Amino acid sequence: MRTGEAVGRAEAYANIALAKYWGKSAAGENRTAVPSLSLTLDGLRTRTEVRFDERLTTDEARLDGALVAGRPMERIAALLDRVRAASGETRRARVTSRNEFPTAAGLASSASGFAALALAASRAAGASLDARFLGDLARRSSASAARSFLGGFVELEADADSATQVAPQDHWDLAMLVAVVAPGPKPMGSTQAMIHTAQSSPYYDAWVADARRVFRRIRQAVVERNFEELTRAMEHSTLRMHATMFAADPPVLYWKGATVQVLEQLRRWREEGLPLGFTLDAGPNVKVLTLPEHAAALSRRLQGLAEVTSVLECRPGPAARILANEGELEAAAPTTEWCVEAAR
Ligand code: DP6
């Protein structure tokens, strides 16, 4: 049994998949059915402190000041149980977490959240800080979280335990603009939605087969810094993922009318010669990849659309890391110079 001070603090950044993961592998334990490749984003950061304390009778967590309950709390407690099993720590933990995401971003934070939690909890419990152990720990909670441990361009192979880096943060300077169209609750969480898609969409098997091919194209385009090929394949990945969901019974539809209107505008701007490509996750917001020299102009155009409530401009981001002290945890920086919120 461990005694004495047991505190860990860590930060991790959100990532957006260029090649999408949608579907669980038969290998179980939340391994993925398809390979995915993401870009870690600067600016969208989660900072978390974990403290094991003998006075607690149950794990507790606060996210942005609010007590976490229900299914989200069960997922946090499950991760803490795995850390306890691996370390010999027996005490319950108090988790304090803050998403330094610009307001109204409407972005899912489970990737940065579980990556920061895995790192902070392992540090607090004196468990392994080996990248594979941590990646595996986070992946079991949320597969995309395994990718948030690493900076730059990151892949998670189908059936893999943890993610690996394809290229570092400075490999290719790209800009990812997040056009927020409609904040609001999701129709269905991604975990449940992908299980439902696999069970009821007649297109699911085709998606899994095709996702492997599209992943290889995206990986090669990243390595070669081929923007045109990357954006074409990235759009195939996201549209085919959503098409598979549309075909589920009942359908899973994350898009809003505003989503389609933004996509139509993007098509017109591309025809005018602006280099861009889009991707969409389990929500209505449109993420637009462009080259840095076009980011400011494209951001202004997006802000000018009636459907867009705010635009976040992000660049490739760093790996998750342990924070040395409380001061570092508290140093608030809701936006970095690379992630500019332009609220209308
Ligand atoms: C559409 O990683 O949130 O963003 O493993 O069930 O927690 P769980 O799912 P999650 O799904 C991410 C789905 C996606 C695509 C992606 O990020 O690859």
# chains A, B, ... in the order shown; residues from 1 in each chain; ligands from 1
$ residues_around --residues "Tyr21 of chain A" --least-positions-apart "6" --cutoff "7 Å" --atoms "only C-alpha atoms" --output "list in words"
Thr32, Val34, Pro35 and Ser36 of chain A
$ write_last_selection --atoms "N, CA and C atoms" --output "PDB file, in the first residue's frame"
ATOM      1  N   THR A  32      -9.436  -0.351 -32.460  1.00  0.00           N
ATOM      2  CA  THR A  32     -10.197   0.199 -33.582  1.00  0.00           C
ATOM      3  C   THR A  32     -10.221  -0.752 -34.775  1.00  0.00           C
ATOM      4  N   VAL A  34     -10.452   0.252 -37.898  1.00  0.00           N
ATOM      5  CA  VAL A  34      -9.755   0.851 -39.055  1.00  0.00           C
ATOM      6  C   VAL A  34      -8.577   1.684 -38.545  1.00  0.00           C
ATOM      7  N   PRO A  35      -7.557   1.846 -39.382  1.00  0.00           N
ATOM      8  CA  PRO A  35      -6.455   2.717 -38.974  1.00  0.00           C
ATOM      9  C   PRO A  35      -6.875   4.185 -39.101  1.00  0.00           C
ATOM     10  N   SER A  36      -6.306   5.045 -38.279  1.00  0.00           N
ATOM     11  CA  SER A  36      -6.625   6.476 -38.368  1.00  0.00           C
ATOM     12  C   SER A  36      -5.341   7.289 -38.268  1.00  0.00           C
TER      13      SER A  36
END
$ residues_around --residues "Leu274 of chain A" --least-positions-apart "4" --cutoff "10 Å" --atoms "only C-alpha atoms" --output "list in words"
Leu266, Arg267, Arg268, Trp269, Arg270, Thr290, Leu291, His294, Ala295, Ala297 and Leu298 of chain A
$ residues_near_ligand --ligand "ligand 1" --cutoff "6 Å" --atoms "only C-alpha atoms and all ligand atoms" --output "ChimeraX atom specification"
/A:16-17,20-22,36,142-144,190-191,281-282
$ write_last_selection --atoms "all heavy atoms" --output "short mmCIF file (atom, residue, chain, number, x, y, z; two decimals), in the first residue's frame"
data_model
loop_
_atom_site.label_atom_id
_atom_site.label_comp_id
_atom_site.auth_asym_id
_atom_site.auth_seq_id
_atom_site.Cartn_x
_atom_site.Cartn_y
_atom_site.Cartn_z
N ILE A 16 -7.39 16.25 -34.44
CA ILE A 16 -8.47 16.04 -35.42
C ILE A 16 -7.98 15.03 -36.44
O ILE A 16 -6.86 15.14 -36.96
CB ILE A 16 -8.88 17.38 -36.07
CG1 ILE A 16 -9.67 18.19 -35.03
CG2 ILE A 16 -9.73 17.13 -37.32
CD1 ILE A 16 -10.15 19.52 -35.46
N ALA A 17 -8.81 14.02 -36.67
CA ALA A 17 -8.41 12.94 -37.59
C ALA A 17 -8.50 13.41 -39.03
O ALA A 17 -9.53 13.94 -39.45
CB ALA A 17 -9.29 11.72 -37.37
N LYS A 20 -10.20 9.02 -40.75
CA LYS A 20 -11.10 8.81 -39.60
C LYS A 20 -11.11 7.39 -39.05
O LYS A 20 -11.05 6.41 -39.82
CB LYS A 20 -12.54 9.14 -40.02
CG LYS A 20 -12.76 10.56 -40.48
CD LYS A 20 -12.48 11.56 -39.39
CE LYS A 20 -12.81 12.96 -39.82
NZ LYS A 20 -12.28 13.96 -38.87
N TYR A 21 -11.27 7.33 -37.74
CA TYR A 21 -11.60 6.08 -37.04
C TYR A 21 -13.10 6.06 -36.82
O TYR A 21 -13.66 7.01 -36.28
CB TYR A 21 -10.82 6.05 -35.73
CG TYR A 21 -11.52 5.49 -34.50
CD1 TYR A 21 -12.06 4.20 -34.49
CD2 TYR A 21 -11.61 6.25 -33.34
CE1 TYR A 21 -12.69 3.70 -33.34
CE2 TYR A 21 -12.22 5.76 -32.19
CZ TYR A 21 -12.77 4.50 -32.20
OH TYR A 21 -13.37 4.00 -31.08
N TRP A 22 -13.76 5.00 -37.25
CA TRP A 22 -15.19 4.82 -36.92
C TRP A 22 -15.44 3.32 -36.90
O TRP A 22 -15.49 2.68 -37.93
CB TRP A 22 -16.09 5.52 -37.96
CG TRP A 22 -17.51 5.68 -37.49
CD1 TRP A 22 -18.60 4.95 -37.87
CD2 TRP A 22 -17.99 6.66 -36.55
NE1 TRP A 22 -19.72 5.40 -37.22
CE2 TRP A 22 -19.38 6.45 -36.40
CE3 TRP A 22 -17.39 7.68 -35.80
CZ2 TRP A 22 -20.16 7.22 -35.55
CZ3 TRP A 22 -18.17 8.45 -34.96
CH2 TRP A 22 -19.55 8.21 -34.84
N SER A 36 -6.31 5.04 -38.28
CA SER A 36 -6.62 6.48 -38.37
C SER A 36 -5.34 7.29 -38.27
O SER A 36 -4.31 6.80 -37.78
CB SER A 36 -7.61 6.87 -37.26
OG SER A 36 -7.09 6.58 -35.99
N SER A 142 -10.87 6.01 -24.63
CA SER A 142 -11.33 6.67 -25.85
C SER A 142 -10.21 6.52 -26.87
O SER A 142 -9.09 7.01 -26.64
CB SER A 142 -11.61 8.15 -25.57
OG SER A 142 -12.18 8.75 -26.70
N ALA A 143 -10.50 5.84 -27.98
CA ALA A 143 -9.40 5.49 -28.89
C ALA A 143 -8.67 6.71 -29.43
O ALA A 143 -7.45 6.70 -29.57
CB ALA A 143 -9.93 4.63 -30.03
N SER A 144 -9.42 7.79 -29.71
CA SER A 144 -8.75 8.98 -30.24
C SER A 144 -7.79 9.58 -29.22
O SER A 144 -6.88 10.33 -29.58
CB SER A 144 -9.77 10.01 -30.71
OG SER A 144 -10.66 10.32 -29.67
N SER A 190 -20.25 9.49 -29.76
CA SER A 190 -19.60 8.75 -30.84
C SER A 190 -19.44 7.26 -30.52
O SER A 190 -19.56 6.43 -31.41
CB SER A 190 -18.25 9.39 -31.21
OG SER A 190 -17.47 9.61 -30.09
N THR A 191 -19.19 6.92 -29.26
CA THR A 191 -19.01 5.51 -28.90
C THR A 191 -20.25 4.70 -29.29
O THR A 191 -20.17 3.69 -30.00
CB THR A 191 -18.77 5.36 -27.38
OG1 THR A 191 -17.68 6.20 -27.01
CG2 THR A 191 -18.50 3.93 -26.99
N ASP A 281 -16.42 15.73 -37.83
CA ASP A 281 -16.41 14.65 -36.85
C ASP A 281 -17.84 14.34 -36.41
O ASP A 281 -18.76 14.58 -37.17
CB ASP A 281 -15.47 15.02 -35.70
CG ASP A 281 -14.03 15.01 -36.19
OD1 ASP A 281 -13.56 13.94 -36.59
OD2 ASP A 281 -13.40 16.08 -36.23
N ALA A 282 -17.99 13.84 -35.20
CA ALA A 282 -19.34 13.48 -34.74
C ALA A 282 -20.04 14.74 -34.24
O ALA A 282 -20.35 14.89 -33.05
CB ALA A 282 -19.24 12.43 -33.64
#
$ closest_residue --among "A:Ala127, A:Leu119, A:Met1, A:Leu79" --to "Thr48 of chain A" --atoms "only C-alpha atoms"
A:Leu119
$ residues_around --residues "Ala243 of chain A" --least-positions-apart "5" --cutoff "10 Å" --atoms "only C-alpha atoms" --output "CSV table (one decimal) with N, CA, C and O atoms, in the first residue's frame"
chain,number,residue,atom,x,y,z
A,201,SER,N,-25.8,-0.5,-40.3
A,201,SER,CA,-25.6,0.1,-41.7
A,201,SER,C,-25.1,-1.0,-42.6
A,201,SER,O,-24.1,-1.6,-42.4
A,203,TYR,N,-23.6,-0.5,-45.2
A,203,TYR,CA,-22.4,0.0,-45.8
A,203,TYR,C,-21.2,-0.2,-44.9
A,203,TYR,O,-20.1,0.2,-45.3
A,204,TYR,N,-21.4,-0.7,-43.7
A,204,TYR,CA,-20.3,-0.7,-42.7
A,204,TYR,C,-19.1,-1.5,-43.2
A,204,TYR,O,-17.9,-1.0,-43.1
A,207,TRP,N,-17.2,0.4,-45.7
A,207,TRP,CA,-16.4,1.5,-45.0
A,207,TRP,C,-15.1,0.9,-44.5
A,207,TRP,O,-14.0,1.5,-44.7
A,238,THR,N,-13.9,11.4,-44.6
A,238,THR,CA,-15.0,11.9,-43.8
A,238,THR,C,-16.3,11.7,-44.4
A,238,THR,O,-17.3,11.3,-43.7
A,248,ALA,N,-27.3,3.9,-41.5
A,248,ALA,CA,-27.7,3.1,-40.3
A,248,ALA,C,-29.2,3.2,-40.1
A,248,ALA,O,-29.9,4.1,-40.7
A,251,PRO,N,-31.0,6.3,-38.9
A,251,PRO,CA,-29.8,7.0,-39.3
A,251,PRO,C,-29.1,7.8,-38.2
A,251,PRO,O,-29.8,8.3,-37.3
A,252,VAL,N,-27.8,8.0,-38.3
A,252,VAL,CA,-27.1,8.9,-37.5
A,252,VAL,C,-26.7,10.1,-38.3
A,252,VAL,O,-26.0,10.0,-39.3
A,253,LEU,N,-27.3,11.2,-38.0
A,253,LEU,CA,-27.1,12.4,-38.8
A,253,LEU,C,-26.6,13.6,-37.9
A,253,LEU,O,-27.3,14.2,-37.1
$ closest_residue --among "A:Ala193, A:Ala182, A:Leu239, A:Leu276" --to "Thr309 of chain A" --atoms "only C-alpha atoms"
A:Ala182
$ select_by_dssp --residues "segment 113-163 of chain A" --states "strand (DSSP E or B)" --output "list in words"
Phe153, Val154, Glu155 and Leu156 of chain A
$ select_by_dssp --residues "segment 198-270 of chain A" --states "alpha helix (DSSP H)" --output "VMD selection string"
chain A and resid 198 to 200 204 to 224 227 to 246 257 to 270
$ residues_around --residues "segment 159-176 of chain A" --least-positions-apart "2" --cutoff "7 Å" --atoms "only C-alpha atoms" --output "JSON list (two decimals) with C-alpha atoms, in the first residue's frame"
[["chain", "number", "residue", "atom", "x", "y", "z"],
["A", 25, "SER", "CA", -12.33, -4.06, -33.65],
["A", 27, "ALA", "CA", -10.09, -7.72, -30.81],
["A", 31, "ARG", "CA", -9.25, -1.32, -30.23],
["A", 32, "THR", "CA", -10.20, 0.20, -33.58],
["A", 33, "ALA", "CA", -11.49, -1.58, -36.69],
["A", 132, "ARG", "CA", 3.02, 2.35, -24.88],
["A", 135, "GLY", "CA", -1.26, 5.06, -24.98],
["A", 136, "ASP", "CA", -2.90, 1.74, -24.18],
["A", 139, "ARG", "CA", -7.07, 4.07, -25.84],
["A", 146, "ALA", "CA", -4.19, 7.47, -27.72],
["A", 147, "ARG", "CA", -3.32, 9.89, -30.54],
["A", 150, "LEU", "CA", 2.03, 12.58, -29.46],
["A", 151, "GLY", "CA", 2.63, 15.84, -31.30],
["A", 152, "GLY", "CA", 2.27, 16.52, -35.02],
["A", 153, "PHE", "CA", 0.98, 13.74, -37.31],
["A", 154, "VAL", "CA", -0.02, 10.58, -35.46],
["A", 155, "GLU", "CA", -1.35, 7.18, -36.56],
["A", 156, "LEU", "CA", -3.30, 4.54, -34.70],
["A", 157, "GLU", "CA", -3.24, 1.27, -36.64],
["A", 178, "VAL", "CA", -12.61, 25.12, -37.05],
["A", 225, "ARG", "CA", 3.61, 16.96, -48.03],
["A", 287, "LYS", "CA", -12.91, 21.80, -39.94],
["A", 288, "VAL", "CA", -11.01, 23.29, -42.86],
["A", 289, "LEU", "CA", -7.40, 22.45, -43.63],
["A", 290, "THR", "CA", -5.43, 25.05, -45.57],
["A", 291, "LEU", "CA", -1.90, 26.31, -46.11],
["A", 292, "PRO", "CA", -0.73, 28.89, -43.54],
["A", 295, "ALA", "CA", -5.37, 30.93, -43.25],
["A", 313, "GLU", "CA", -7.37, 28.90, -36.22],
["A", 314, "CYS", "CA", -4.99, 26.15, -35.10],
["A", 315, "ARG", "CA", -1.56, 24.87, -36.15],
["A", 316, "PRO", "CA", 0.18, 21.53, -35.57],
["A", 317, "GLY", "CA", 0.52, 20.99, -31.82],
["A", 318, "PRO", "CA", 2.93, 19.35, -29.38]]
$ decode --residues "segment 10-103 of chain A" --atoms "C-alpha atoms" --output "PDB file, in the first residue's frame"
ATOM      1  CA  ALA A  10      -0.357  16.896 -17.025  1.00  0.00           C
ATOM      2  CA  GLU A  11      -1.527  18.591 -20.183  1.00  0.00           C
ATOM      3  CA  ALA A  12      -2.581  17.233 -23.579  1.00  0.00           C
ATOM      4  CA  TYR A  13      -3.857  18.749 -26.806  1.00  0.00           C
ATOM      5  CA  ALA A  14      -6.885  17.851 -28.907  1.00  0.00           C
ATOM      6  CA  ASN A  15      -6.383  16.170 -32.253  1.00  0.00           C
ATOM      7  CA  ILE A  16      -8.467  16.040 -35.418  1.00  0.00           C
ATOM      8  CA  ALA A  17      -8.406  12.942 -37.588  1.00  0.00           C
ATOM      9  CA  LEU A  18      -7.419  13.451 -41.225  1.00  0.00           C
ATOM     10  CA  ALA A  19      -8.096   9.703 -41.757  1.00  0.00           C
ATOM     11  CA  LYS A  20     -11.098   8.810 -39.604  1.00  0.00           C
ATOM     12  CA  TYR A  21     -11.599   6.083 -37.043  1.00  0.00           C
ATOM     13  CA  TRP A  22     -15.193   4.818 -36.923  1.00  0.00           C
ATOM     14  CA  GLY A  23     -15.796   1.307 -35.609  1.00  0.00           C
ATOM     15  CA  LYS A  24     -14.527  -1.064 -32.929  1.00  0.00           C
ATOM     16  CA  SER A  25     -12.325  -4.060 -33.654  1.00  0.00           C
ATOM     17  CA  ALA A  26     -13.368  -7.621 -32.788  1.00  0.00           C
ATOM     18  CA  ALA A  27     -10.089  -7.717 -30.812  1.00  0.00           C
ATOM     19  CA  GLY A  28     -12.012  -5.852 -28.101  1.00  0.00           C
ATOM     20  CA  GLU A  29     -10.935  -3.470 -25.340  1.00  0.00           C
ATOM     21  CA  ASN A  30     -11.799  -0.509 -27.530  1.00  0.00           C
ATOM     22  CA  ARG A  31      -9.254  -1.323 -30.235  1.00  0.00           C
ATOM     23  CA  THR A  32     -10.197   0.199 -33.582  1.00  0.00           C
ATOM     24  CA  ALA A  33     -11.493  -1.581 -36.689  1.00  0.00           C
ATOM     25  CA  VAL A  34      -9.755   0.851 -39.055  1.00  0.00           C
ATOM     26  CA  PRO A  35      -6.455   2.717 -38.974  1.00  0.00           C
ATOM     27  CA  SER A  36      -6.625   6.476 -38.368  1.00  0.00           C
ATOM     28  CA  LEU A  37      -4.223   9.389 -38.731  1.00  0.00           C
ATOM     29  CA  SER A  38      -4.589  12.684 -36.912  1.00  0.00           C
ATOM     30  CA  LEU A  39      -3.068  16.097 -36.506  1.00  0.00           C
ATOM     31  CA  THR A  40      -2.496  17.222 -32.921  1.00  0.00           C
ATOM     32  CA  LEU A  41      -3.596  20.846 -32.597  1.00  0.00           C
ATOM     33  CA  ASP A  42      -1.892  23.642 -30.759  1.00  0.00           C
ATOM     34  CA  GLY A  43      -4.185  25.771 -28.627  1.00  0.00           C
ATOM     35  CA  LEU A  44      -6.874  23.224 -27.754  1.00  0.00           C
ATOM     36  CA  ARG A  45      -5.451  22.076 -24.454  1.00  0.00           C
ATOM     37  CA  THR A  46      -6.687  20.146 -21.395  1.00  0.00           C
ATOM     38  CA  ARG A  47      -4.850  20.466 -18.066  1.00  0.00           C
ATOM     39  CA  THR A  48      -5.520  17.934 -15.346  1.00  0.00           C
ATOM     40  CA  GLU A  49      -4.461  17.251 -11.771  1.00  0.00           C
ATOM     41  CA  VAL A  50      -4.941  13.861 -10.069  1.00  0.00           C
ATOM     42  CA  ARG A  51      -4.488  13.454  -6.312  1.00  0.00           C
ATOM     43  CA  PHE A  52      -4.845  10.091  -4.534  1.00  0.00           C
ATOM     44  CA  ASP A  53      -6.148  10.709  -1.023  1.00  0.00           C
ATOM     45  CA  GLU A  54      -6.856   8.199   1.803  1.00  0.00           C
ATOM     46  CA  ARG A  55      -9.744  10.355   3.069  1.00  0.00           C
ATOM     47  CA  LEU A  56     -11.798   9.750  -0.079  1.00  0.00           C
ATOM     48  CA  THR A  57     -14.272   6.859  -0.201  1.00  0.00           C
ATOM     49  CA  THR A  58     -14.959   7.242  -3.924  1.00  0.00           C
ATOM     50  CA  ASP A  59     -13.254   8.809  -6.944  1.00  0.00           C
ATOM     51  CA  GLU A  60     -14.440  12.293  -7.761  1.00  0.00           C
ATOM     52  CA  ALA A  61     -13.809  14.618 -10.681  1.00  0.00           C
ATOM     53  CA  ARG A  62     -14.481  18.222 -11.607  1.00  0.00           C
ATOM     54  CA  LEU A  63     -14.348  19.446 -15.177  1.00  0.00           C
ATOM     55  CA  ASP A  64     -14.200  23.218 -15.569  1.00  0.00           C
ATOM     56  CA  GLY A  65     -15.473  23.492 -11.991  1.00  0.00           C
ATOM     57  CA  ALA A  66     -18.518  21.233 -12.407  1.00  0.00           C
ATOM     58  CA  LEU A  67     -18.790  17.857 -10.661  1.00  0.00           C
ATOM     59  CA  VAL A  68     -18.715  14.980 -13.177  1.00  0.00           C
ATOM     60  CA  ALA A  69     -21.424  12.295 -12.733  1.00  0.00           C
ATOM     61  CA  GLY A  70     -23.051   9.385 -14.565  1.00  0.00           C
ATOM     62  CA  ARG A  71     -21.407   7.676 -17.550  1.00  0.00           C
ATOM     63  CA  PRO A  72     -18.565  10.252 -17.946  1.00  0.00           C
ATOM     64  CA  MET A  73     -17.599   9.650 -14.283  1.00  0.00           C
ATOM     65  CA  GLU A  74     -17.714   5.864 -14.799  1.00  0.00           C
ATOM     66  CA  ARG A  75     -15.242   6.232 -17.685  1.00  0.00           C
ATOM     67  CA  ILE A  76     -12.876   8.282 -15.518  1.00  0.00           C
ATOM     68  CA  ALA A  77     -13.146   5.819 -12.605  1.00  0.00           C
ATOM     69  CA  ALA A  78     -12.448   2.905 -14.985  1.00  0.00           C
ATOM     70  CA  LEU A  79      -9.194   4.556 -16.087  1.00  0.00           C
ATOM     71  CA  LEU A  80      -8.228   5.204 -12.460  1.00  0.00           C
ATOM     72  CA  ASP A  81      -8.955   1.528 -11.629  1.00  0.00           C
ATOM     73  CA  ARG A  82      -6.521   0.459 -14.347  1.00  0.00           C
ATOM     74  CA  VAL A  83      -3.859   2.800 -12.977  1.00  0.00           C
ATOM     75  CA  ARG A  84      -4.419   1.422  -9.457  1.00  0.00           C
ATOM     76  CA  ALA A  85      -4.159  -2.153 -10.717  1.00  0.00           C
ATOM     77  CA  ALA A  86      -0.878  -1.359 -12.487  1.00  0.00           C
ATOM     78  CA  SER A  87       0.742   0.545  -9.630  1.00  0.00           C
ATOM     79  CA  GLY A  88      -0.354  -0.837  -6.258  1.00  0.00           C
ATOM     80  CA  GLU A  89      -2.001   2.474  -5.392  1.00  0.00           C
ATOM     81  CA  THR A  90      -5.198   1.727  -3.477  1.00  0.00           C
ATOM     82  CA  ARG A  91      -6.540   5.147  -2.569  1.00  0.00           C
ATOM     83  CA  ARG A  92      -9.394   6.918  -4.376  1.00  0.00           C
ATOM     84  CA  ALA A  93      -8.566  10.009  -6.395  1.00  0.00           C
ATOM     85  CA  ARG A  94      -9.690  13.593  -6.793  1.00  0.00           C
ATOM     86  CA  VAL A  95      -9.429  14.761 -10.413  1.00  0.00           C
ATOM     87  CA  THR A  96      -9.496  18.420 -11.387  1.00  0.00           C
ATOM     88  CA  SER A  97      -9.515  19.136 -15.091  1.00  0.00           C
ATOM     89  CA  ARG A  98      -9.798  22.241 -17.216  1.00  0.00           C
ATOM     90  CA  ASN A  99     -10.390  22.511 -20.930  1.00  0.00           C
ATOM     91  CA  GLU A 100      -8.606  25.562 -22.237  1.00  0.00           C
ATOM     92  CA  PHE A 101     -10.719  25.551 -25.344  1.00  0.00           C
ATOM     93  CA  PRO A 102     -11.929  28.892 -26.611  1.00  0.00           C
ATOM     94  CA  THR A 103     -15.536  29.489 -25.632  1.00  0.00           C
TER      95      THR A 103
END
